[in-house]
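*Asks:* What follows is run-v5.cif; its format and atoms are mmCIF, C-alpha atoms.
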data_run
#
loop_
_atom_site.label_atom_id
_atom_site.label_comp_id
_atom_site.auth_asym_id
_atom_site.auth_seq_id
_atom_site.Cartn_x
_atom_site.Cartn_y
_atom_site.Cartn_z
CA MET S 1 0.00 0.00 0.00
CA GLU S 2 1.33 3.39 -1.00
CA LYS S 3 -0.59 6.51 -0.05
CA ILE S 4 -0.08 10.26 0.27
CA ILE S 5 0.02 12.10 3.63
CA GLY S 6 -0.67 15.78 4.22
CA LYS S 7 -0.68 18.85 2.04
CA PHE S 8 2.98 18.34 1.08
CA GLN S 9 2.12 15.02 -0.61
CA THR S 10 4.46 12.85 1.44
CA LYS S 11 4.54 9.22 0.32
CA TYR S 12 3.76 6.50 2.87
CA LEU S 13 4.78 2.93 2.11
CA GLN S 14 3.47 -0.24 3.76
CA ILE S 15 3.70 -3.71 2.25
CA LEU S 16 3.14 -6.06 5.21
CA ASP S 17 0.56 -5.06 7.83
CA GLU S 18 0.33 -6.06 11.49
CA PHE S 19 -1.94 -9.00 10.65
CA GLY S 20 0.52 -10.52 8.21
CA LYS S 21 -1.52 -9.40 5.20
CA CYS S 22 0.74 -8.52 2.31
CA ASP S 23 0.59 -6.32 -0.77
CA GLU S 24 1.96 -9.03 -3.05
CA LYS S 25 2.51 -6.66 -5.98
CA ASN S 26 5.07 -4.65 -4.03
CA VAL S 27 6.86 -7.40 -2.10
CA PRO S 28 10.60 -7.36 -2.84
CA LYS S 29 11.70 -10.36 -4.90
CA PHE S 30 13.20 -12.29 -2.01
CA LYS S 31 14.34 -15.87 -2.06
CA LYS S 32 12.99 -17.97 0.81
CA SER S 33 16.45 -17.92 2.37
CA ALA S 34 16.45 -14.10 2.41
CA ILE S 35 13.09 -13.95 4.20
CA LYS S 36 14.39 -16.38 6.79
CA LYS S 37 17.54 -14.31 7.14
CA LEU S 38 15.46 -11.24 7.96
CA TYR S 39 13.56 -13.16 10.63
CA GLU S 40 16.65 -14.78 12.13
CA TYR S 41 18.54 -11.51 12.42
CA MET S 42 15.57 -9.80 14.03
CA ILE S 43 15.40 -12.64 16.56
CA LEU S 44 19.16 -12.40 17.15
CA THR S 45 18.90 -8.63 17.64
CA ARG S 46 16.14 -9.07 20.21
CA ALA S 47 18.03 -11.84 22.00
CA PHE S 48 21.06 -9.53 22.24
CA ASP S 49 18.81 -6.74 23.48
CA ASP S 50 17.13 -8.87 26.15
CA LYS S 51 20.49 -10.12 27.44
CA ALA S 52 21.98 -6.63 27.53
CA LEU S 53 19.08 -5.35 29.65
CA LYS S 54 19.61 -8.21 32.11
CA LEU S 55 23.35 -7.58 32.24
CA GLN S 56 22.74 -3.91 32.96
CA ARG S 57 20.44 -4.73 35.88
CA GLN S 58 23.13 -7.04 37.21
CA GLY S 59 25.73 -4.30 37.02
CA ARG S 60 27.75 -6.09 34.35
CA ILE S 61 27.34 -3.39 31.68
CA GLY S 62 26.58 0.31 31.85
CA THR S 63 23.67 2.40 30.57
CA PHE S 64 22.08 0.68 27.58
CA ALA S 65 19.67 1.84 24.85
CA SER S 66 17.17 -0.87 23.93
CA THR S 67 16.29 -1.70 20.32
CA ARG S 68 13.07 -3.57 21.11
CA GLY S 69 10.33 -2.87 18.57
CA GLN S 70 12.68 -1.29 16.04
CA GLU S 71 14.24 -4.43 14.61
CA ALA S 72 12.59 -4.12 11.19
CA CYS S 73 13.98 -0.60 10.70
CA GLN S 74 17.49 -1.89 11.24
CA ILE S 75 17.53 -5.34 9.67
CA GLY S 76 15.51 -4.27 6.63
CA SER S 77 17.91 -1.38 6.06
CA ALA S 78 21.07 -3.39 6.61
CA LEU S 79 20.04 -6.10 4.13
CA ALA S 80 19.89 -3.46 1.37
CA ILE S 81 23.44 -2.26 1.94
CA LYS S 82 26.30 -3.35 -0.32
CA LYS S 83 29.87 -4.05 0.73
CA ASP S 84 31.32 -0.68 -0.33
CA ASP S 85 28.56 1.39 1.29
CA LEU S 86 29.49 3.06 4.56
CA ILE S 87 27.18 3.15 7.60
CA PHE S 88 27.02 5.79 10.34
CA PRO S 89 24.98 4.48 13.29
CA ALA S 90 23.75 6.42 16.31
CA PHE S 91 23.47 4.51 19.60
CA ARG S 92 20.43 2.24 19.14
CA GLU S 93 21.55 0.39 16.02
CA ASN S 94 22.82 -2.87 17.50
CA GLY S 95 20.88 -4.83 14.87
CA VAL S 96 22.68 -2.96 12.09
CA TYR S 97 26.05 -3.84 13.62
CA LEU S 98 25.13 -7.50 13.87
CA MET S 99 23.72 -7.67 10.34
CA ARG S 100 26.85 -5.99 9.01
CA GLY S 101 29.10 -8.60 10.64
CA MET S 102 30.30 -6.85 13.79
CA PRO S 103 31.31 -9.50 16.37
CA MET S 104 28.67 -9.50 19.08
CA TYR S 105 31.18 -9.75 21.91
CA LYS S 106 32.54 -6.36 20.86
CA LEU S 107 29.12 -4.77 21.34
CA PHE S 108 28.81 -6.25 24.82
CA SER S 109 32.31 -4.97 25.60
CA TYR S 110 31.46 -1.48 24.42
CA TRP S 111 28.31 -1.26 26.52
CA ALA S 112 30.35 -2.49 29.47
CA GLY S 113 32.57 0.58 29.08
CA ASP S 114 35.45 -1.02 27.19
CA GLU S 115 36.27 1.17 24.18
CA ARG S 116 38.04 -1.75 22.51
CA GLY S 117 34.53 -2.84 21.63
CA MET S 118 34.40 -0.07 19.03
CA ILE S 119 37.57 -1.08 17.24
CA ILE S 120 35.83 -1.91 13.98
CA PRO S 121 37.20 -4.92 12.06
CA GLU S 122 38.52 -4.09 8.60
CA ASN S 123 35.82 -6.12 6.85
CA VAL S 124 32.98 -4.33 8.69
CA ASN S 125 32.31 -1.11 6.81
CA LEU S 126 30.72 1.11 9.44
CA PHE S 127 31.60 3.79 11.98
CA PRO S 128 31.65 3.56 15.77
CA ILE S 129 28.59 4.34 17.89
CA SER S 130 27.76 8.05 18.12
CA ILE S 131 26.31 9.02 21.49
CA THR S 132 26.03 12.76 20.81
CA VAL S 133 22.62 13.26 19.21
CA GLY S 134 22.89 14.18 15.54
CA ALA S 135 26.64 14.84 15.58
CA HIS S 136 27.42 12.04 13.13
CA LEU S 137 25.16 13.26 10.32
CA PRO S 138 27.72 15.75 8.92
CA HIS S 139 30.30 12.95 8.87
CA ALA S 140 27.98 10.79 6.75
CA VAL S 141 27.40 13.61 4.27
CA GLY S 142 31.11 14.42 4.11
CA ALA S 143 31.96 10.80 3.38
CA ALA S 144 29.25 10.70 0.71
CA MET S 145 30.66 13.84 -0.91
CA SER S 146 34.08 12.19 -0.97
CA PHE S 147 32.58 9.15 -2.73
CA LYS S 148 31.18 11.48 -5.38
CA ILE S 149 34.50 13.28 -5.86
CA GLN S 150 36.29 9.93 -6.19
CA LYS S 151 33.54 8.68 -8.54
CA LYS S 152 32.90 5.64 -6.40
CA LYS S 153 29.70 3.70 -6.97
CA ALA S 154 28.95 3.69 -3.26
CA ALA S 155 26.71 5.49 -0.80
CA THR S 156 26.56 6.30 2.88
CA MET S 157 23.70 5.61 5.23
CA VAL S 158 23.13 7.41 8.52
CA PHE S 159 20.74 6.42 11.31
CA PHE S 160 19.23 8.81 13.84
CA GLY S 161 16.08 9.30 15.90
CA ASP S 162 13.28 11.83 15.74
CA GLY S 163 15.01 13.89 18.43
CA ALA S 164 18.00 14.46 16.15
CA THR S 165 15.79 16.28 13.64
CA SER S 166 15.60 19.18 16.10
CA GLU S 167 19.38 19.52 16.10
CA GLY S 168 21.27 21.95 13.88
CA ASP S 169 23.50 19.11 12.63
CA PHE S 170 20.48 17.55 10.95
CA HIS S 171 19.54 20.66 9.00
CA GLU S 172 23.13 21.51 8.06
CA SER S 173 23.66 17.96 6.82
CA MET S 174 20.44 17.92 4.83
CA ASN S 175 21.35 21.25 3.23
CA PHE S 176 24.84 20.15 2.17
CA ALA S 177 23.49 16.82 0.90
CA GLY S 178 20.87 18.58 -1.20
CA VAL S 179 23.19 21.21 -2.65
CA TYR S 180 25.92 18.74 -3.60
CA LYS S 181 23.60 15.82 -4.43
CA ALA S 182 25.59 13.68 -2.05
CA PRO S 183 24.99 9.92 -2.29
CA VAL S 184 23.62 9.58 1.24
CA VAL S 185 20.50 7.96 2.66
CA PHE S 186 19.17 9.53 5.86
CA ILE S 187 17.22 7.04 7.98
CA CYS S 188 15.18 8.54 10.80
CA GLN S 189 13.87 5.92 13.18
CA ASN S 190 10.90 7.94 14.36
CA ASN S 191 10.06 6.02 17.53
CA GLN S 192 7.91 9.00 18.61
CA TRP S 193 9.76 9.83 21.83
CA ALA S 194 13.01 11.80 22.19
CA ILE S 195 13.56 10.70 25.78
CA SER S 196 10.46 12.31 27.36
CA VAL S 197 9.58 14.66 24.49
CA PRO S 198 6.92 13.48 21.99
CA VAL S 199 7.25 14.36 18.32
CA LYS S 200 4.28 16.74 18.47
CA GLU S 201 6.25 18.95 20.88
CA GLN S 202 9.29 19.00 18.56
CA THR S 203 7.78 19.91 15.21
CA SER S 204 4.53 21.03 13.62
CA SER S 205 5.34 19.07 10.46
CA ALA S 206 2.82 16.35 9.65
CA THR S 207 5.77 14.03 8.98
CA ILE S 208 9.52 14.13 9.39
CA ALA S 209 9.90 12.90 5.82
CA GLN S 210 8.51 16.14 4.39
CA LYS S 211 11.45 18.09 5.83
CA ALA S 212 13.46 16.87 2.83
CA ILE S 213 11.36 19.04 0.51
CA ALA S 214 13.00 22.24 1.79
CA TYR S 215 16.43 20.84 0.92
CA GLY S 216 15.55 19.81 -2.60
CA PHE S 217 15.28 16.04 -2.43
CA GLU S 218 12.82 13.24 -1.78
CA GLY S 219 11.44 12.28 1.61
CA ILE S 220 9.34 9.17 2.20
CA ARG S 221 7.65 7.72 5.28
CA VAL S 222 7.52 3.94 5.62
CA ASP S 223 5.92 1.64 8.15
CA GLY S 224 8.99 1.05 10.30
CA ASN S 225 7.59 -2.22 11.66
CA ASP S 226 7.26 -3.62 8.14
CA VAL S 227 10.61 -5.13 7.20
CA PHE S 228 9.60 -5.47 3.53
CA ALA S 229 8.67 -1.80 3.19
CA VAL S 230 11.87 -0.70 4.91
CA TYR S 231 14.00 -2.88 2.64
CA ARG S 232 12.27 -1.67 -0.50
CA ALA S 233 12.51 2.03 0.40
CA VAL S 234 16.16 1.79 1.47
CA SER S 235 17.15 -0.35 -1.51
CA ASP S 236 15.56 2.12 -3.94
CA ALA S 237 17.19 5.08 -2.17
CA LEU S 238 20.63 3.47 -2.24
CA LYS S 239 20.33 2.67 -5.96
CA LYS S 240 19.38 6.28 -6.61
CA ALA S 241 22.29 7.56 -4.52
CA ARG S 242 24.85 5.29 -6.20
CA SER S 243 23.65 6.36 -9.65
CA GLY S 244 24.31 10.04 -8.91
CA LYS S 245 20.71 11.12 -8.30
CA GLY S 246 21.33 12.41 -4.80
CA PRO S 247 20.06 11.84 -1.27
CA THR S 248 16.82 10.56 0.24
CA LEU S 249 15.29 11.00 3.69
CA ILE S 250 13.45 7.89 4.90
CA GLU S 251 11.28 8.20 7.97
CA CYS S 252 10.72 4.79 9.52
CA PHE S 253 7.56 5.29 11.55
CA THR S 254 7.94 2.94 14.51
CA TYR S 255 7.74 2.97 18.30
CA ARG S 256 10.09 2.78 21.25
CA ILE S 257 8.67 -0.07 23.33
CA SER S 258 11.27 0.22 26.10
CA ASP S 259 12.54 3.18 28.08
CA HIS S 260 14.85 5.62 26.29
CA THR S 261 17.77 3.95 28.07
CA THR S 262 18.18 2.00 31.28
CA SER S 263 18.67 5.32 33.10
CA ASP S 264 15.13 6.38 32.14
CA GLU S 265 11.65 5.43 33.38
CA ALA S 266 9.10 6.08 30.65
CA LYS S 267 6.11 5.37 32.92
CA LYS S 268 6.61 8.81 34.41
CA TYR S 269 5.73 10.58 31.17
CA ARG S 270 4.10 8.01 28.85
CA ASP S 271 0.75 6.22 29.02
CA GLU S 272 1.20 2.45 29.14
CA SER S 273 -1.95 1.95 27.05
CA GLU S 274 -0.05 3.55 24.15
CA VAL S 275 2.73 1.00 24.54
CA GLU S 276 0.27 -1.89 24.54
CA VAL S 277 -1.21 -0.73 21.23
CA TRP S 278 2.22 -0.76 19.63
CA LYS S 279 3.20 -4.13 21.07
CA LYS S 280 0.48 -5.59 18.85
CA LYS S 281 2.33 -4.17 15.84
CA ASP S 282 5.55 -6.03 16.71
CA PRO S 283 7.78 -6.40 13.61
CA ILE S 284 8.90 -9.93 14.46
CA ASP S 285 5.37 -11.24 15.04
CA ARG S 286 4.30 -9.56 11.80
CA LEU S 287 6.91 -11.36 9.71
CA LYS S 288 6.17 -14.63 11.52
CA LYS S 289 2.48 -14.40 10.48
CA TYR S 290 3.53 -13.88 6.88
CA MET S 291 5.97 -16.80 6.97
CA LEU S 292 3.29 -19.08 8.41
CA LYS S 293 0.98 -18.23 5.52
CA LYS S 294 3.78 -18.98 3.05
CA GLY S 295 4.77 -22.28 4.63
CA LEU S 296 8.16 -20.94 5.72
CA PHE S 297 7.60 -21.37 9.44
CA SER S 298 7.17 -24.26 11.88
CA ASP S 299 7.50 -24.88 15.61
CA LYS S 300 10.72 -26.78 14.96
CA TYR S 301 12.17 -23.92 12.90
CA GLU S 302 11.25 -21.37 15.57
CA LYS S 303 12.80 -23.49 18.32
CA ASN S 304 16.02 -23.89 16.35
CA VAL S 305 16.25 -20.16 15.63
CA LEU S 306 15.67 -19.22 19.29
CA THR S 307 18.11 -21.85 20.56
CA ARG S 308 20.80 -20.74 18.13
CA ALA S 309 20.32 -17.08 19.06
CA GLU S 310 20.59 -17.84 22.77
CA LYS S 311 23.79 -19.83 22.15
CA ILE S 312 25.36 -17.02 20.10
CA VAL S 313 24.48 -14.45 22.76
CA SER S 314 25.77 -16.57 25.66
CA GLU S 315 29.07 -17.24 23.90
CA ALA S 316 29.46 -13.54 23.10
CA VAL S 317 28.92 -12.53 26.73
CA GLU S 318 31.42 -15.14 27.87
CA LYS S 319 34.03 -13.93 25.37
CA SER S 320 33.44 -10.29 26.27
CA GLU S 321 33.82 -10.87 29.99
CA ALA S 322 36.93 -13.00 29.46
CA LEU S 323 38.88 -10.09 27.93
CA LYS S 324 41.84 -9.00 30.00
CA ASP S 325 41.57 -5.63 31.71
CA ILE S 326 43.46 -2.77 30.13
CA LYS S 327 45.83 -0.49 31.99
CA ALA S 328 44.88 3.14 32.45
CA GLY S 329 48.06 4.23 30.68
CA GLU S 330 46.90 2.77 27.38
CA ILE S 331 44.95 5.95 26.71
CA PHE S 332 48.26 7.60 25.84
CA GLU S 333 49.00 4.99 23.18
CA TYR S 334 46.04 5.78 20.94
CA MET S 335 45.38 9.51 21.26
CA TYR S 336 47.81 10.53 18.51
CA GLU S 337 49.77 8.68 15.86
CA LYS S 338 52.95 9.98 17.49
CA LYS S 339 52.97 10.93 21.16
CA THR S 340 53.58 14.58 22.01
CA PRO S 341 56.18 15.55 24.65
CA ASP S 342 53.50 16.48 27.22
CA LEU S 343 51.79 13.11 26.79
CA ILE S 344 55.08 11.32 27.29
CA GLU S 345 55.60 13.29 30.51
CA GLN S 346 52.07 12.57 31.76
CA GLN S 347 52.50 8.91 30.97
CA LYS S 348 55.65 8.71 33.06
CA GLU S 349 53.85 10.36 35.97
CA LEU S 350 50.94 7.95 35.84
CA ASN S 351 51.23 5.23 38.42
CA GLY S 352 51.27 1.97 36.51
CA GLY S 353 51.46 3.75 33.15
CA LEU S 354 53.03 2.17 30.10
CA LYS S 355 56.78 2.53 29.73
#
Take the structure in this file and express it as structure tokens.

*Replies:*
Amino acid sequence: MEKIIGKFQTKYLQILDEFGKCDEKNVPKFKKSAIKKLYEYMILTRAFDDKALKLQRQGRIGTFASTRGQEACQIGSALAIKKDDLIFPAFRENGVYLMRGMPMYKLFSYWAGDERGMIIPENVNLFPISITVGAHLPHAVGAAMSFKIQKKKAATMVFFGDGATSEGDFHESMNFAGVYKAPVVFICQNNQWAISVPVKEQTSSATIAQKAIAYGFEGIRVDGNDVFAVYRAVSDALKKARSGKGPTLIECFTYRISDHTTSDEAKKYRDESEVEVWKKKDPIDRLKKYMLKKGLFSDKYEKNVLTRAEKIVSEAVEKSEALKDIKAGEIFEYMYEKKTPDLIEQQKELNGGLK
């Protein structure tokens, strides 16, 4: 289903609804293995998420931002990305990291406060987590502009939340991307709450997608809990970007089921009845209903997928917690390519510092 929203004629795309009913004419041409891959990575992302929340409550990792309910936004997007494309995540994109091939133990290490977790392997083409809201958007546009200058057939993709659209970085990035027709895809996971601030208190725009109009390129809203719609929109936008036709803003309309982070308590500002409505639109349950109708799902398959995910997560936690502690003095080793005289002096003064 594709319809128009508001006076600015913003497109809205949905292919798979919450009941598992599908617009067969617009379904991406997936092999059965690809559909299963989408489901399995969404399950793995949720298993990681559930374990991380438990570890945080046990004091084994620090503050954590849950992904629950937003798996389709991330896995659908990540499946559309090609090897040479470069991804710029924010801080809630654990599913993107996993789909891209980031070792899970590194993510657990990062959330436990070990910066070695964000040493990105050479074969994983993405940037480290960006905690500062919106600050990574200019980086994504700059990288995209460099691709254009080098005439590379590649694009960048940047993830952010609805709260980031109220930051200056967002507007500056959109402006540069529009002017220079940078091959970048902006993906706003509009989960409707920027910590305690609802979207209606941030903007009077009917959609976030329509903000692209002012910068001279296309904006589209998709059902962010529909993994097929997300994949199709992102895939089309990436093809357009790689072919020199410029940027796209994709608003994935979804919902933040959990608190903003583990340091937050959403019950203080959000009605639980609203959460219950959105739980019924769960992206994993939605795909499961579709797979059942297509004969791609069984109790045995589900059990195997869940068991495998639990095993992967458990092994990743074990590997993360088995890493040797680092010495405080190591900070001096990685600040600059070549240590400055003052750093050398500070390092000598540090008790237990590296020699």

*Asks:* Atom CA of Ala209 of chain S and atom CA of Asn191 of chain S are how many Å apart?

*Replies:* 13.6 Å

*Asks:* Output the residue selection produced by the PyMOL selection byres ((chain S and resi 60) around 10) on the file above, formatted as a PyMOL selection string.

*Replies:* chain S and resi 52-59+61-62+108-109+111-113+321

*Asks:* Under the PyMOL selection byres ((chain S and resi 22-38) around 10), which residues of this model are included? Write them out as a CSV table (one decimal) with C-alpha atoms, keeping the file's coordinate frame.

*Replies:*
chain,number,residue,atom,x,y,z
S,1,MET,CA,0.0,0.0,0.0
S,2,GLU,CA,1.3,3.4,-1.0
S,13,LEU,CA,4.8,2.9,2.1
S,14,GLN,CA,3.5,-0.2,3.8
S,15,ILE,CA,3.7,-3.7,2.2
S,16,LEU,CA,3.1,-6.1,5.2
S,17,ASP,CA,0.6,-5.1,7.8
S,18,GLU,CA,0.3,-6.1,11.5
S,19,PHE,CA,-1.9,-9.0,10.6
S,20,GLY,CA,0.5,-10.5,8.2
S,21,LYS,CA,-1.5,-9.4,5.2
S,39,TYR,CA,13.6,-13.2,10.6
S,40,GLU,CA,16.6,-14.8,12.1
S,41,TYR,CA,18.5,-11.5,12.4
S,42,MET,CA,15.6,-9.8,14.0
S,43,ILE,CA,15.4,-12.6,16.6
S,44,LEU,CA,19.2,-12.4,17.2
S,71,GLU,CA,14.2,-4.4,14.6
S,72,ALA,CA,12.6,-4.1,11.2
S,75,ILE,CA,17.5,-5.3,9.7
S,76,GLY,CA,15.5,-4.3,6.6
S,78,ALA,CA,21.1,-3.4,6.6
S,79,LEU,CA,20.0,-6.1,4.1
S,99,MET,CA,23.7,-7.7,10.3
S,227,VAL,CA,10.6,-5.1,7.2
S,228,PHE,CA,9.6,-5.5,3.5
S,229,ALA,CA,8.7,-1.8,3.2
S,231,TYR,CA,14.0,-2.9,2.6
S,232,ARG,CA,12.3,-1.7,-0.5
S,235,SER,CA,17.2,-0.4,-1.5
S,284,ILE,CA,8.9,-9.9,14.5
S,287,LEU,CA,6.9,-11.4,9.7
S,288,LYS,CA,6.2,-14.6,11.5
S,290,TYR,CA,3.5,-13.9,6.9
S,291,MET,CA,6.0,-16.8,7.0
S,294,LYS,CA,3.8,-19.0,3.0
S,296,LEU,CA,8.2,-20.9,5.7
S,297,PHE,CA,7.6,-21.4,9.4
S,301,TYR,CA,12.2,-23.9,12.9
S,305,VAL,CA,16.2,-20.2,15.6

*Asks:* Mind listing as a VMD selection string all residues within 10 Å of (32.3, 5.4, -5.6), counting all atoms listed in the file?

*Replies:* chain S and resid 84 to 85 144 to 155 183 242 to 244

*Asks:* On this structure, the PyMOL selection byres ((chain S and resi 165-179) around 10) would catch which residues? List them as a VMD selection string, sorted by chain and number.

*Replies:* chain S and resid 133 to 142 144 to 145 160 to 164 180 to 186 188 190 194 199 202 to 203 208 211 to 218 246 to 249

*Asks:* Here is a test: counting only C-alpha atoms, which residue of S:Thr254, S:Gln189, S:Thr67, S:Thr156 is nearest to Ala80 of chain S?

*Replies:* S:Thr156

*Asks:* For atom CA of Arg100 of chain S and atom CA of Arg308 of chain S, quote the distance in Å rounded to one decimal.

*Replies:* 18.4 Å

*Asks:* Using only C-alpha atoms, give me every residue within 10 Å of (34.0, -11.3, 23.4) in file coordinates, as a PyMOL selection string.

*Replies:* chain S and resi 103-109+117+315-323

*Asks:* Could you please take those selected residues and save C-alpha atoms as a CSV table (one decimal), in the frame of the given file?

*Replies:*
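See out_32.csv below for the written result:
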chain,number,residue,atom,x,y,z
S,103,PRO,CA,31.3,-9.5,16.4
S,104,MET,CA,28.7,-9.5,19.1
S,105,TYR,CA,31.2,-9.8,21.9
S,106,LYS,CA,32.5,-6.4,20.9
S,107,LEU,CA,29.1,-4.8,21.3
S,108,PHE,CA,28.8,-6.2,24.8
S,109,SER,CA,32.3,-5.0,25.6
S,117,GLY,CA,34.5,-2.8,21.6
S,315,GLU,CA,29.1,-17.2,23.9
S,316,ALA,CA,29.5,-13.5,23.1
S,317,VAL,CA,28.9,-12.5,26.7
S,318,GLU,CA,31.4,-15.1,27.9
S,319,LYS,CA,34.0,-13.9,25.4
S,320,SER,CA,33.4,-10.3,26.3
S,321,GLU,CA,33.8,-10.9,30.0
S,322,ALA,CA,36.9,-13.0,29.5
S,323,LEU,CA,38.9,-10.1,27.9

*Asks:* Can you tell me how far atom CA of Tyr334 of chain S sits from atom CA of Leu350 of chain S, in Å to one decimal?

*Replies:*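 Between atom CA of Tyr334 of chain S and atom CA of Leu350 of chain S the gap is 15.8 Å.
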
*Asks:* Taking all atoms of segment 233-248 of chain S that the file lists and extending 4 Å past them on each side, where is the centre of the axis-aligned box and how long are its edges? Answer in Å to one decimal, as JSON.

*Replies:*
{"center_x": 18.7, "center_y": 6.0, "center_z": -4.1, "size_x": 20.3, "size_y": 20.8, "size_z": 19.1}

*Asks:* Check the smallest atom-to-atom distance from each of S:Ala206, S:Val197, S:Ile257, S:Ile220 to Ala65 of chain S using all atoms listed in the file, then report the winner.

*Replies:* S:Ile257

*Asks:* Using only C-alpha atoms, which of S:Arg92, S:Lys11, S:Arg46, S:Arg270 sits nearest Ala233 of chain S?

*Replies:*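 Between S:Arg92, S:Lys11, S:Arg46, S:Arg270, the residue approaching Ala233 of chain S most closely is S:Lys11.
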
*Asks:* When you count all atoms listed in the file, which of these residues is closest to Ala90 of chain S: S:Ala47, S:Asp299, S:Asn123, S:Ile187?

*Replies:*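 Ranking S:Ala47, S:Asp299, S:Asn123, S:Ile187 by distance to Ala90 of chain S, first place goes to S:Ile187.
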